[in-house]
file upload_10.tsv (TSV, C-alpha atoms)
chain	number	residue	atom	x	y	z
A	27	MET	CA	-14.87	51.51	59.51
A	28	ALA	CA	-17.91	49.63	58.21
A	29	GLU	CA	-20.75	49.72	60.73
A	30	ALA	CA	-24.22	48.29	60.55
A	31	LYS	CA	-26.23	50.44	58.17
A	32	PRO	CA	-29.85	50.57	57.18
A	33	GLN	CA	-30.40	48.58	54.00
A	34	ASP	CA	-32.07	51.46	52.22
A	35	GLY	CA	-29.51	54.11	53.12
A	36	VAL	CA	-26.13	55.30	51.90
A	37	GLN	CA	-23.30	55.53	54.42
A	38	ILE	CA	-21.14	58.66	54.28
A	39	ASP	CA	-17.73	58.65	55.95
A	40	LEU	CA	-16.24	62.08	56.59
A	41	ILE	CA	-12.54	61.58	57.24
A	42	SER	CA	-10.74	64.38	59.06
A	43	GLY	CA	-7.31	65.61	58.05
A	44	GLU	CA	-6.12	64.63	61.50
A	45	ARG	CA	-7.11	60.99	60.97
A	46	MET	CA	-5.26	60.89	57.66
A	47	GLU	CA	-2.13	62.53	59.04
A	48	GLY	CA	-0.48	59.43	60.49
A	49	MET	CA	-1.39	57.13	57.61
A	50	THR	CA	0.89	55.99	54.80
A	51	SER	CA	-0.21	56.52	51.19
A	52	MET	CA	-1.23	52.88	50.79
A	53	GLU	CA	-3.17	52.92	54.06
A	54	LYS	CA	-5.13	55.92	52.83
A	55	ILE	CA	-5.80	54.29	49.46
A	56	ARG	CA	-6.84	51.02	51.11
A	57	MET	CA	-9.18	52.85	53.51
A	58	ILE	CA	-10.79	54.76	50.62
A	59	LEU	CA	-11.23	51.73	48.35
A	60	ASP	CA	-12.49	49.49	51.15
A	61	GLY	CA	-15.13	52.10	51.98
A	62	VAL	CA	-16.11	52.71	48.37
A	63	ARG	CA	-16.30	48.98	47.57
A	64	ASP	CA	-18.72	48.65	50.51
A	65	GLY	CA	-20.92	51.21	48.73
A	66	ASN	CA	-19.99	54.13	50.99
A	67	ILE	CA	-19.33	57.73	50.02
A	68	VAL	CA	-15.97	58.81	51.41
A	69	ILE	CA	-15.32	62.51	51.98
A	70	LEU	CA	-11.77	63.55	52.78
A	71	GLU	CA	-11.38	66.86	54.59
A	72	GLU	CA	-7.91	67.43	53.17
A	73	GLY	CA	-7.73	65.23	50.09
A	74	LEU	CA	-4.74	63.37	48.70
A	75	SER	CA	-1.40	64.48	47.29
A	76	PRO	CA	-0.95	64.27	43.50
A	77	ASP	CA	1.25	61.19	43.93
A	78	GLU	CA	-1.43	59.52	46.08
A	79	GLU	CA	-4.09	60.41	43.50
A	80	SER	CA	-1.95	58.76	40.84
A	81	ARG	CA	-1.61	55.60	42.94
A	82	LEU	CA	-5.33	55.65	43.77
A	83	ILE	CA	-6.13	55.53	40.03
A	84	GLU	CA	-3.61	52.74	39.53
A	85	VAL	CA	-4.89	50.58	42.40
A	86	THR	CA	-8.52	51.25	41.43
A	87	MET	CA	-7.79	49.94	37.94
A	88	THR	CA	-6.33	46.72	39.32
A	89	GLU	CA	-9.49	46.12	41.38
A	90	ILE	CA	-12.12	46.72	38.70
A	91	SER	CA	-14.04	43.54	38.07
A	92	PRO	CA	-16.96	43.06	35.63
A	93	ASP	CA	-20.42	43.00	37.29
A	94	GLU	CA	-18.83	43.70	40.68
A	95	PHE	CA	-16.80	46.94	40.80
A	96	ASN	CA	-16.68	49.51	37.98
A	97	GLY	CA	-14.29	51.93	39.60
A	98	ILE	CA	-14.68	55.23	41.40
A	99	GLU	CA	-16.07	58.67	40.89
A	100	ILE	CA	-13.86	61.29	42.52
A	101	GLU	CA	-14.34	65.03	42.73
A	102	THR	CA	-12.29	67.87	44.11
A	103	TYR	CA	-12.55	71.58	43.50
A	104	PRO	CA	-10.81	72.40	40.22
A	105	ARG	CA	-7.96	74.43	41.62
A	106	SER	CA	-4.38	73.36	41.46
A	107	GLU	CA	-2.54	74.43	44.58
A	108	THR	CA	0.62	72.71	43.42
A	109	ALA	CA	0.79	75.27	40.61
A	110	ASP	CA	0.83	78.04	43.22
A	111	ALA	CA	3.39	76.40	45.49
A	112	SER	CA	6.82	77.97	45.59
A	113	PHE	CA	9.93	76.07	44.53
A	114	LEU	CA	11.04	75.98	48.19
A	115	ASP	CA	7.70	74.51	49.23
A	116	ARG	CA	8.05	71.80	46.61
A	117	LEU	CA	11.67	71.14	47.57
A	118	MET	CA	10.68	70.73	51.20
A	119	GLY	CA	7.63	68.67	50.31
A	120	THR	CA	5.43	71.16	52.14
A	121	GLU	CA	3.13	72.25	49.33
A	122	SER	CA	-0.48	72.31	50.33
A	123	THR	CA	-2.67	69.53	49.04
A	124	LYS	CA	-5.63	70.44	51.22
A	125	LYS	CA	-8.74	70.17	49.12
A	126	LEU	CA	-12.05	68.61	50.06
A	127	THR	CA	-12.41	65.39	48.08
A	128	VAL	CA	-15.50	63.28	47.51
A	129	ILE	CA	-15.08	59.66	46.38
A	130	GLY	CA	-17.78	57.09	45.72
A	131	PRO	CA	-18.59	54.00	43.68
A	132	ALA	CA	-18.82	54.94	39.97
A	133	ASN	CA	-22.22	53.26	39.65
A	134	GLN	CA	-23.71	55.15	42.61
A	135	ILE	CA	-22.48	58.72	42.40
A	136	GLU	CA	-22.95	61.18	39.57
A	137	THR	CA	-21.60	64.70	39.49
A	138	LEU	CA	-24.31	67.15	38.54
A	139	HIS	CA	-22.28	70.34	38.70
A	140	LYS	CA	-18.78	71.40	39.62
A	141	ASP	CA	-17.09	74.78	39.73
A	142	GLU	CA	-14.39	76.49	41.79
A	143	ASN	CA	-16.46	76.49	44.97
A	144	LEU	CA	-19.35	74.05	44.56
A	145	ILE	CA	-19.59	70.32	43.95
A	146	SER	CA	-23.12	69.04	43.47
A	147	ALA	CA	-23.50	65.26	43.27
A	148	LEU	CA	-26.37	62.80	43.02
A	149	VAL	CA	-25.95	59.69	45.15
A	150	SER	CA	-28.12	56.66	44.50
A	151	ARG	CA	-28.55	53.42	46.41
A	152	LYS	CA	-26.97	50.23	45.10
B	13	MET	CA	10.83	62.70	53.80
B	14	GLY	CA	9.67	65.25	51.28
B	15	LEU	CA	13.13	66.85	51.07
B	16	ILE	CA	14.91	63.52	50.52
B	17	ARG	CA	12.34	62.33	48.02
B	18	ASN	CA	12.48	65.58	46.07
B	19	LEU	CA	16.28	65.68	46.14
B	20	LYS	CA	16.40	62.10	44.81
B	21	HIS	CA	13.91	63.07	42.15
B	22	SER	CA	15.89	66.21	41.18
B	23	ILE	CA	19.16	64.26	41.03
B	24	SER	CA	17.67	61.55	38.81
B	25	ARG	CA	16.19	64.22	36.51
B	26	ALA	CA	19.53	66.07	36.40
B	27	VAL	CA	21.35	62.84	35.53
B	28	SER	CA	18.90	62.06	32.75
B	29	THR	CA	19.32	65.62	31.43
B	30	LEU	CA	23.11	65.20	31.43
B	31	PHE	CA	22.75	62.22	29.13
B	32	SER	CA	20.06	63.80	27.01
B	33	GLU	CA	22.41	64.17	24.05
B	34	GLU	CA	22.68	60.38	23.81
B	35	ASN	CA	19.19	59.45	24.97
B	36	PRO	CA	16.15	60.87	23.22
B	37	LYS	CA	13.62	62.30	25.66
B	38	ARG	CA	10.60	60.10	26.26
B	39	ILE	CA	7.49	62.18	25.72
B	40	GLY	CA	4.24	60.68	27.00
B	41	ILE	CA	1.04	61.51	25.13
B	42	TYR	CA	-1.62	61.65	27.84
B	43	GLY	CA	-5.25	62.66	28.09
B	44	PRO	CA	-8.75	61.29	28.61
B	45	PRO	CA	-10.17	58.53	26.35
B	46	ASN	CA	-11.11	59.60	22.80
B	47	ALA	CA	-9.12	62.85	22.84
B	48	GLY	CA	-7.21	61.82	19.71
B	49	LYS	CA	-3.92	60.75	21.30
B	50	THR	CA	-3.26	57.91	18.86
B	51	THR	CA	-4.27	60.05	15.89
B	52	LEU	CA	-1.68	62.61	17.04
B	53	ALA	CA	0.98	59.95	17.72
B	54	ASN	CA	0.38	58.50	14.25
B	55	ARG	CA	0.52	61.96	12.67
B	56	ILE	CA	3.87	62.72	14.33
B	57	ALA	CA	5.29	59.28	13.51
B	58	ARG	CA	4.12	59.38	9.88
B	59	ASP	CA	5.41	62.92	9.35
B	60	TRP	CA	8.91	62.10	10.58
B	61	THR	CA	9.41	58.34	10.19
B	62	GLY	CA	6.77	57.20	7.69
B	63	ASP	CA	5.37	54.58	10.12
B	64	ALA	CA	2.26	54.59	12.30
B	65	VAL	CA	2.13	53.87	16.05
B	66	GLY	CA	-1.20	52.08	16.42
B	67	PRO	CA	-4.81	51.76	15.25
B	68	GLU	CA	-7.23	54.68	15.71
B	69	SER	CA	-10.89	54.25	16.56
B	70	HIS	CA	-13.94	56.14	17.84
B	71	ILE	CA	-14.51	53.35	20.39
B	72	PRO	CA	-13.12	54.38	23.80
B	73	HIS	CA	-10.02	52.51	25.01
B	74	GLU	CA	-8.86	51.44	21.54
B	75	THR	CA	-5.33	51.92	22.92
B	76	ARG	CA	-4.92	49.53	25.83
B	77	ARG	CA	-1.15	49.31	26.00
B	78	ALA	CA	1.40	52.11	26.10
B	79	ARG	CA	3.13	52.08	22.70
B	80	ARG	CA	6.52	53.62	22.15
B	81	LYS	CA	7.84	54.94	18.86
B	82	GLU	CA	11.56	55.48	19.18
B	83	ASP	CA	14.05	57.90	17.69
B	84	ILE	CA	11.78	60.40	16.04
B	85	GLU	CA	13.90	63.21	14.64
B	86	ILE	CA	12.04	66.48	14.35
B	87	GLU	CA	13.84	69.18	12.38
B	88	ARG	CA	13.16	72.79	13.32
B	89	ASP	CA	15.14	75.84	12.16
B	90	GLY	CA	18.12	73.75	11.07
B	91	ALA	CA	18.35	71.94	14.42
B	92	THR	CA	17.21	68.40	15.17
B	93	VAL	CA	15.22	67.28	18.21
B	94	ASN	CA	15.24	63.57	19.06
B	95	ILE	CA	12.30	62.16	20.97
B	96	ASP	CA	10.61	58.85	21.71
B	97	ILE	CA	6.86	59.22	21.82
B	98	VAL	CA	4.81	57.04	24.14
B	99	ASP	CA	1.14	56.78	23.17
B	100	THR	CA	-0.75	55.91	26.34
B	101	PRO	CA	-4.27	54.58	27.02
B	102	GLY	CA	-6.82	57.25	27.96
B	103	VAL	CA	-6.86	57.80	31.70
B	104	THR	CA	-10.09	57.29	33.63
B	105	THR	CA	-11.19	56.30	37.14
B	106	LYS	CA	-13.86	53.88	35.96
B	107	VAL	CA	-14.34	51.25	33.25
B	108	ASP	CA	-17.69	49.55	32.69
B	109	TYR	CA	-17.69	46.75	30.13
B	110	GLU	CA	-21.36	47.48	29.37
B	111	GLU	CA	-20.26	50.68	27.59
B	112	PHE	CA	-18.60	48.51	24.96
B	113	LEU	CA	-21.81	46.57	24.37
B	114	ASP	CA	-23.16	49.77	22.79
B	115	HIS	CA	-20.48	49.38	20.11
B	116	ASP	CA	-21.88	46.06	18.82
B	117	MET	CA	-19.54	43.93	20.88
B	118	GLU	CA	-20.30	40.53	22.39
B	119	LYS	CA	-20.13	40.34	26.19
B	120	ASP	CA	-16.97	38.22	26.22
B	121	ASP	CA	-15.18	40.72	23.97
B	122	ALA	CA	-16.45	43.65	26.01
B	123	VAL	CA	-15.25	42.08	29.28
B	124	ARG	CA	-11.85	41.30	27.76
B	125	ARG	CA	-11.57	44.80	26.38
B	126	SER	CA	-12.49	46.37	29.73
B	127	ARG	CA	-9.92	44.18	31.52
B	128	GLU	CA	-7.21	45.22	29.06
B	129	ALA	CA	-8.29	48.85	29.41
B	130	THR	CA	-7.89	48.79	33.20
B	131	GLU	CA	-4.44	47.24	32.87
B	132	GLY	CA	-3.54	49.89	30.30
B	133	VAL	CA	-4.61	52.79	32.52
B	134	ALA	CA	-2.61	51.38	35.44
B	135	GLU	CA	0.37	51.05	33.13
B	136	ALA	CA	-0.06	54.65	31.90
B	137	MET	CA	-0.04	55.95	35.48
B	138	HIS	CA	3.12	53.99	36.17
B	139	TRP	CA	4.84	55.43	33.08
B	140	LEU	CA	3.87	58.91	34.24
B	141	ARG	CA	5.48	58.47	37.66
B	142	GLU	CA	8.59	56.65	36.49
B	143	ASP	CA	9.38	56.72	32.81
B	144	VAL	CA	8.58	59.93	30.93
B	145	ASP	CA	10.62	63.13	30.62
B	146	GLY	CA	7.81	65.34	29.36
B	147	VAL	CA	4.10	65.25	28.57
B	148	ILE	CA	1.93	66.22	25.63
B	149	TYR	CA	-1.55	66.51	27.14
B	150	VAL	CA	-4.23	66.08	24.48
B	151	LEU	CA	-7.77	67.33	24.99
B	152	ASP	CA	-10.80	67.18	22.73
B	153	SER	CA	-11.62	70.87	22.30
B	154	SER	CA	-15.26	70.07	21.56
B	155	THR	CA	-15.85	68.72	25.09
B	156	ASP	CA	-15.77	70.18	28.61
B	157	PRO	CA	-12.18	70.21	29.93
B	158	PHE	CA	-13.24	70.81	33.58
B	159	THR	CA	-13.23	67.12	34.46
B	160	GLN	CA	-11.74	65.49	37.50
B	161	VAL	CA	-9.39	63.31	35.46
B	162	ASN	CA	-7.95	66.39	33.71
B	163	THR	CA	-7.62	68.29	37.00
B	164	MET	CA	-5.89	65.36	38.69
B	165	LEU	CA	-3.58	64.49	35.81
B	166	ILE	CA	-2.41	68.07	35.28
B	167	GLY	CA	-1.83	68.26	39.06
B	168	ILE	CA	0.18	65.01	38.97
B	169	ILE	CA	2.27	66.22	36.01
B	170	GLU	CA	2.93	69.58	37.73
B	171	SER	CA	3.93	67.87	40.97
B	172	GLN	CA	6.56	65.87	39.03
B	173	ASP	CA	7.95	69.09	37.49
B	174	LEU	CA	7.57	67.60	34.02
B	175	PRO	CA	7.37	70.01	31.07
B	176	VAL	CA	3.83	69.84	29.66
B	177	LEU	CA	2.38	71.05	26.39
B	178	ILE	CA	-1.41	71.18	26.22
B	179	LEU	CA	-2.93	70.50	22.81
B	180	ALA	CA	-6.53	71.46	22.04
B	181	ASN	CA	-7.34	68.80	19.44
B	182	LYS	CA	-10.28	68.37	17.05
B	183	THR	CA	-10.44	72.02	15.96
B	184	ASP	CA	-12.05	70.70	12.76
B	185	LEU	CA	-15.25	70.06	14.73
B	186	GLU	CA	-17.91	72.77	14.78
B	187	GLU	CA	-18.31	72.63	18.58
B	188	SER	CA	-14.57	73.13	19.17
B	189	SER	CA	-13.65	75.85	21.70
B	190	VAL	CA	-9.92	76.37	22.24
B	191	GLN	CA	-10.62	79.26	24.62
B	192	ARG	CA	-12.50	76.93	26.98
B	193	ILE	CA	-9.33	74.85	27.33
B	194	ARG	CA	-7.17	77.96	27.81
B	195	ASN	CA	-9.54	79.04	30.58
B	196	ALA	CA	-9.34	75.63	32.26
B	197	PHE	CA	-5.53	75.55	32.41
B	198	PRO	CA	-4.37	79.19	32.29
B	199	GLN	CA	-1.00	78.27	33.85
B	200	HIS	CA	-0.03	76.39	30.66
B	201	GLU	CA	0.28	77.27	27.00
B	202	THR	CA	-2.45	75.73	24.83
B	203	ILE	CA	-1.86	74.98	21.15
B	204	PRO	CA	-4.86	74.32	18.86
B	205	LEU	CA	-4.70	71.58	16.23
B	206	SER	CA	-6.57	68.99	14.28
B	207	ALA	CA	-4.44	65.85	14.36
B	208	LEU	CA	-6.93	64.20	11.98
B	209	GLU	CA	-6.69	66.93	9.33
B	210	GLY	CA	-3.08	67.87	10.07
B	211	ASP	CA	-4.04	71.50	10.78
B	212	ASN	CA	-1.50	73.66	12.66
B	213	MET	CA	1.06	70.85	12.95
B	214	ASP	CA	3.90	73.30	12.16
B	215	GLU	CA	3.21	75.18	15.39
B	216	VAL	CA	2.89	71.87	17.27
B	217	TYR	CA	6.37	70.81	16.06
B	218	ASP	CA	7.81	74.25	16.90
B	219	LYS	CA	6.48	73.89	20.44
B	220	ILE	CA	7.67	70.26	20.79
B	221	ALA	CA	11.16	71.45	19.85
B	222	GLU	CA	10.89	74.39	22.27
B	223	TYR	CA	9.55	72.36	25.23
B	224	PHE	CA	11.38	69.08	24.82
B	225	GLY	CA	14.44	69.88	22.71

call {"tool": "encode", "arguments": {"input": "upload_10.tsv", "output": "structure tokens"}}
result
Amino acid sequence: MAEAKPQDGVQIDLISGERMEGMTSMEKIRMILDGVRDGNIVILEEGLSPDEESRLIEVTMTEISPDEFNGIEIETYPRSETADASFLDRLMGTESTKKLTVIGPANQIETLHKDENLISALVSRK
Amino acid sequence: MGLIRNLKHSISRAVSTLFSEENPKRIGIYGPPNAGKTTLANRIARDWTGDAVGPESHIPHETRRARRKEDIEIERDGATVNIDIVDTPGVTTKVDYEEFLDHDMEKDDAVRRSREATEGVAEAMHWLREDVDGVIYVLDSSTDPFTQVNTMLIGIIESQDLPVLILANKTDLEESSVQRIRNAFPQHETIPLSALEGDNMDEVYDKIAEYFG
């Protein structure tokens, strides 16, 4: 996804739910981490499932390297739709995980404010 | 896929429940760094076995390996609850070795510590998906609980249908606010305690017996 970008800018990739639909969990995680390690801010229209979030943390940890990659900053709205999902939804694997998610390099993005309906973040250049 | 995966998951949980009489439940102690997880694990282990689980420290990521203390027998109301407790490294999405330099550490030590910390967090996530039967989620009640790590971890625990007990630790601190934690996770019961001072441990043990017995 990396394109030529101005040296003094920050690239933002907005990934639609449709684009994520046909991808496996590891493909999603790879796409996110490749983007973030290039210094991009990745915004997912529909977020990740809890299991994918768990694997994203795990894979991120294996890639952290001193003086090169410190990990990620990730933000979603603080609502837990899984808690609202019915037992049948969970049984069928159809619970909603749709939640806008912002992910960036830990050394370039800082969350200024977060509540149920607003995420305010400061993004700096490398 | 979801149906098959969830059925497999339900069957494996049902099988482990069937054998719960023989096998103590493995209870993972999770939470962000510096919430007091090891202090709690040591308190529980000392109260019921006389031994400690691991060293405590104010430096983040003191616990860098999941540590298990087996066969802890907790007696409540004449009944006995058998659990293994697993003290896990604090979960985070970032580790910067330079943070350790602020704690009078040489660069080599800080880099080694950060590498061990990342391995420990990865290990903790793996335990959560595969190897625990219930979770004690420990939060520092003097800090803001509305963090992404807390939101994600509680979501992950809920999606696994694991029983979870939320503990609002460090009530001995002046800035402690248990209500702030109750407001953050209203779908779960929150129990206040000071693992350091041993305050309210009776209620903690009552709830451990109730949730995981």

call {"tool": "interface_residues", "arguments": {"input": "upload_10.tsv", "of": "chain B", "to": "chain A", "cutoff": "9 Å", "atoms": "all atoms listed in the file", "output": "MDAnalysis selection string"}}
result
chainID B and resid 13:19 103:110 123 126:127 129:138 140:141 158:161 163:172 196 199

call {"tool": "residues_around", "arguments": {"input": "upload_10.tsv", "residues": "segment 40-51 of chain A", "least_positions_apart": "5", "cutoff": "10 Å", "atoms": "all atoms listed in the file", "output": "PyMOL selection string"}}
result
chain A and resi 56-58+67-75+77-79+81-82+124+126-128

call {"tool": "atom_distance", "arguments": {"input": "upload_10.tsv", "atom1": "atom CA of Val65 of chain B", "atom2": "atom CA of Ala53 of chain B"}}
result
6.4 Å

call {"tool": "residues_around", "arguments": {"input": "upload_10.tsv", "residues": "Val190 of chain B", "least_positions_apart": "5", "cutoff": "9 Å", "atoms": "all atoms listed in the file", "output": "PyMOL selection string"}}
result
chain B and resi 153-154+180-181+183+195+202-204

call {"tool": "atom_distance", "arguments": {"input": "upload_10.tsv", "atom1": "atom CA of Glu209 of chain B", "atom2": "atom CA of Asp59 of chain B"}}
result
12.7 Å

call {"tool": "residues_near_point", "arguments": {"input": "upload_10.tsv", "point": "(7.3, 73.5, 21.4)", "cutoff": "12 Å", "atoms": "all atoms listed in the file", "output": "JSON, numbers by chain"}}
result
{"B": [86, 87, 88, 93, 146, 147, 148, 175, 176, 177, 178, 179, 201, 202, 203, 213, 214, 215, 216, 217, 218, 219, 220, 221, 222, 223, 224, 225]}

call {"tool": "atom_distance", "arguments": {"input": "upload_10.tsv", "atom1": "atom CA of Trp139 of chain B", "atom2": "atom CA of Asp63 of chain B"}}
result
23.0 Å

call {"tool": "closest_residue", "arguments": {"input": "upload_10.tsv", "among": "B:Ile39, B:Met117, B:Ala57, B:Ile71", "to": "Ile97 of chain B", "atoms": "all atoms listed in the file"}}
result
B:Ile39

call {"tool": "residues_near_point", "arguments": {"input": "upload_10.tsv", "point": "(-14.5, 73.3, 20.3)", "cutoff": "12 Å", "atoms": "all atoms listed in the file", "output": "list in words"}}
result
Leu151, Asp152, Ser153, Ser154, Thr155, Asp156, Pro157, Ala180, Asn181, Lys182, Thr183, Asp184, Leu185, Glu186, Glu187, Ser188, Ser189, Val190, Gln191, Arg192, Ile193, Arg194, Pro204, Leu205 and Ser206 of chain B
